[in-house]
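K.L.:
File work-v5.txt follows (compact mmCIF, N, CA and C atoms):
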```txt
# COMPACT_ATOMS: atom_id res chain seq x y z
N MET A 1 25.74 10.62 -6.14
CA MET A 1 26.01 11.60 -7.18
C MET A 1 26.93 12.67 -6.59
N ASP A 2 27.86 13.15 -7.35
CA ASP A 2 28.75 14.18 -6.82
C ASP A 2 28.10 15.57 -6.89
N LYS A 3 28.66 16.50 -6.14
CA LYS A 3 28.07 17.84 -6.02
C LYS A 3 28.00 18.57 -7.36
N LYS A 4 29.01 18.40 -8.20
CA LYS A 4 29.01 19.09 -9.50
C LYS A 4 27.86 18.62 -10.38
N LYS A 5 27.63 17.30 -10.38
CA LYS A 5 26.55 16.76 -11.20
C LYS A 5 25.19 17.20 -10.65
N LEU A 6 25.05 17.21 -9.32
CA LEU A 6 23.80 17.68 -8.71
C LEU A 6 23.55 19.15 -9.03
N TRP A 7 24.60 19.97 -8.98
CA TRP A 7 24.47 21.39 -9.30
C TRP A 7 24.07 21.57 -10.77
N HIS A 8 24.70 20.80 -11.64
CA HIS A 8 24.39 20.86 -13.06
C HIS A 8 22.93 20.49 -13.31
N THR A 9 22.47 19.46 -12.64
CA THR A 9 21.07 19.05 -12.76
C THR A 9 20.15 20.17 -12.33
N PHE A 10 20.47 20.82 -11.20
CA PHE A 10 19.64 21.92 -10.71
C PHE A 10 19.63 23.11 -11.67
N THR A 11 20.80 23.48 -12.20
CA THR A 11 20.86 24.66 -13.07
C THR A 11 20.08 24.45 -14.37
N HIS A 12 19.95 23.21 -14.79
CA HIS A 12 19.18 22.95 -16.02
C HIS A 12 17.70 22.78 -15.77
N SER A 13 17.35 22.24 -14.61
CA SER A 13 15.92 22.02 -14.34
C SER A 13 15.27 23.21 -13.63
N GLY A 14 16.01 23.81 -12.71
CA GLY A 14 15.47 24.92 -11.92
C GLY A 14 14.50 24.46 -10.84
N LYS A 15 14.41 23.16 -10.63
CA LYS A 15 13.48 22.62 -9.65
C LYS A 15 14.03 22.75 -8.23
N VAL A 16 13.15 23.10 -7.31
CA VAL A 16 13.53 23.19 -5.90
C VAL A 16 14.03 21.85 -5.39
N GLU A 17 13.39 20.78 -5.84
CA GLU A 17 13.78 19.44 -5.40
C GLU A 17 15.24 19.14 -5.75
N ASP A 18 15.65 19.57 -6.96
CA ASP A 18 17.04 19.35 -7.37
C ASP A 18 18.00 20.17 -6.53
N TYR A 19 17.62 21.40 -6.19
CA TYR A 19 18.48 22.22 -5.32
C TYR A 19 18.60 21.59 -3.94
N LEU A 20 17.50 21.07 -3.41
CA LEU A 20 17.56 20.43 -2.09
C LEU A 20 18.43 19.19 -2.12
N ARG A 21 18.39 18.43 -3.20
CA ARG A 21 19.29 17.27 -3.33
C ARG A 21 20.74 17.73 -3.34
N TYR A 22 21.02 18.83 -4.06
CA TYR A 22 22.37 19.39 -4.10
C TYR A 22 22.84 19.78 -2.69
N ARG A 23 21.94 20.34 -1.91
CA ARG A 23 22.27 20.76 -0.55
C ARG A 23 22.33 19.59 0.44
N GLY A 24 21.95 18.40 -0.01
CA GLY A 24 22.02 17.22 0.85
C GLY A 24 20.78 16.96 1.66
N ILE A 25 19.69 17.60 1.28
CA ILE A 25 18.43 17.41 1.98
C ILE A 25 17.65 16.31 1.28
N VAL A 26 17.19 15.34 2.05
CA VAL A 26 16.46 14.21 1.48
C VAL A 26 15.07 14.67 1.08
N VAL A 27 14.73 14.40 -0.16
CA VAL A 27 13.43 14.80 -0.69
C VAL A 27 12.53 13.57 -0.70
N THR A 28 11.38 13.68 -0.03
CA THR A 28 10.41 12.59 -0.01
C THR A 28 9.13 13.06 -0.68
N PRO A 29 8.40 12.16 -1.30
CA PRO A 29 7.13 12.56 -1.92
C PRO A 29 6.14 13.04 -0.87
N ARG A 30 5.38 14.03 -1.23
CA ARG A 30 4.36 14.54 -0.31
C ARG A 30 3.29 13.50 -0.11
N ALA A 31 2.76 13.44 1.07
CA ALA A 31 1.71 12.47 1.39
C ALA A 31 0.44 12.74 0.60
N THR A 32 0.22 13.98 0.19
CA THR A 32 -1.01 14.33 -0.51
C THR A 32 -0.92 14.14 -2.01
N ASP A 33 0.25 13.75 -2.54
CA ASP A 33 0.37 13.59 -3.98
C ASP A 33 -0.56 12.51 -4.53
N SER A 34 -0.78 11.47 -3.76
CA SER A 34 -1.60 10.38 -4.27
C SER A 34 -3.03 10.41 -3.73
N VAL A 35 -3.37 11.44 -2.98
CA VAL A 35 -4.71 11.53 -2.41
C VAL A 35 -5.60 12.30 -3.38
N VAL A 36 -6.73 11.72 -3.68
CA VAL A 36 -7.70 12.38 -4.54
C VAL A 36 -8.74 13.02 -3.65
N GLU A 37 -8.94 14.32 -3.83
CA GLU A 37 -9.93 15.01 -3.00
C GLU A 37 -11.33 14.58 -3.41
N GLU A 38 -12.15 14.40 -2.41
CA GLU A 38 -13.54 14.06 -2.66
C GLU A 38 -14.27 15.33 -3.05
N GLU A 39 -15.01 15.25 -4.13
CA GLU A 39 -15.75 16.43 -4.58
C GLU A 39 -16.96 16.64 -3.71
N SER A 40 -17.22 17.88 -3.39
CA SER A 40 -18.38 18.18 -2.56
C SER A 40 -19.55 18.60 -3.44
N GLY A 41 -20.72 18.37 -2.94
CA GLY A 41 -21.92 18.79 -3.65
C GLY A 41 -22.51 17.68 -4.48
N TYR A 42 -23.80 17.55 -4.40
CA TYR A 42 -24.51 16.54 -5.18
C TYR A 42 -24.45 16.91 -6.65
N GLY A 43 -24.21 15.94 -7.50
CA GLY A 43 -24.16 16.19 -8.92
C GLY A 43 -22.75 16.30 -9.46
N LYS A 44 -21.77 16.46 -8.60
CA LYS A 44 -20.40 16.55 -9.04
C LYS A 44 -19.67 15.22 -8.89
N ARG A 45 -20.39 14.21 -8.50
CA ARG A 45 -19.79 12.89 -8.34
C ARG A 45 -20.39 11.96 -9.38
N PRO A 46 -19.69 10.88 -9.71
CA PRO A 46 -20.26 9.95 -10.68
C PRO A 46 -21.49 9.25 -10.12
N GLU A 47 -22.46 9.00 -10.99
CA GLU A 47 -23.67 8.31 -10.57
C GLU A 47 -23.39 6.84 -10.37
N THR A 48 -24.08 6.25 -9.43
CA THR A 48 -23.97 4.82 -9.16
C THR A 48 -25.34 4.18 -9.32
N ALA A 49 -25.39 2.86 -9.28
CA ALA A 49 -26.66 2.14 -9.42
C ALA A 49 -27.61 2.50 -8.30
N SER A 50 -27.10 2.78 -7.12
CA SER A 50 -27.98 3.12 -6.00
C SER A 50 -28.66 4.47 -6.18
N ASP A 51 -28.15 5.32 -7.06
CA ASP A 51 -28.79 6.60 -7.31
C ASP A 51 -30.15 6.42 -7.98
N ASP A 52 -30.33 5.34 -8.74
CA ASP A 52 -31.61 5.10 -9.41
C ASP A 52 -32.70 4.74 -8.42
N ARG A 53 -32.34 4.30 -7.24
CA ARG A 53 -33.33 3.89 -6.24
C ARG A 53 -33.69 5.04 -5.31
N ARG A 54 -33.10 6.17 -5.49
CA ARG A 54 -33.41 7.30 -4.61
C ARG A 54 -34.76 7.89 -4.98
N PRO A 55 -35.48 8.39 -3.99
CA PRO A 55 -36.80 8.98 -4.29
C PRO A 55 -36.72 10.23 -5.15
N ASP A 56 -35.60 10.93 -5.13
CA ASP A 56 -35.48 12.14 -5.93
C ASP A 56 -34.82 11.89 -7.29
N SER A 57 -34.73 10.62 -7.71
CA SER A 57 -34.08 10.25 -8.95
C SER A 57 -34.93 10.69 -10.15
N ALA A 58 -34.26 11.24 -11.15
CA ALA A 58 -34.96 11.65 -12.36
C ALA A 58 -34.89 10.58 -13.43
N GLY A 59 -34.29 9.43 -13.12
CA GLY A 59 -34.10 8.38 -14.11
C GLY A 59 -35.26 7.43 -14.21
N LEU A 60 -36.48 7.93 -14.35
CA LEU A 60 -37.65 7.05 -14.48
C LEU A 60 -37.98 6.80 -15.91
```
In structure tokens, write the structure found in this file.
P.N.:
Amino acid sequence: MDKKKLWHTFTHSGKVEDYLRYRGIVVTPRATDSVVEEESGYGKRPETASDDRRPDSAGL
């Protein structure tokens, strides 16, 4: 892509990524974009079949 088209793209989007492309800096996806954080604390996670076998299970 030529510099004018890259600049035009940046001025319309306002995205930092577009400005970095205009400047010739290679933009790569962040490694954490596809990582799902594990929720902490009991009760904030989905229940599984093994939860019914726990001694503190309320599913009787």
K.L.:
Atom CA of Val26 of chain A to atom CA of His8 of chain A: how many Å, to one decimal?
P.N.:
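These two atoms are separated by 17.8 Å.
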K.L.:
Work out how far atom C of Lys4 of chain A is from atom CA of Pro29 of chain A, in Å to one decimal.
P.N.:
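Interatomic distance, atom CA of Pro29 of chain A to atom C of Lys4 of chain A: 23.2 Å.
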K.L.:
Residues near Gly24 of chain A, anyone? I mean within 12 Å using only C-alpha atoms, not counting same-chain ones fewer than 2 positions away, as an MDAnalysis selection string.
P.N.:
chainID A and resid 1:3 6:7 17:22 26:27
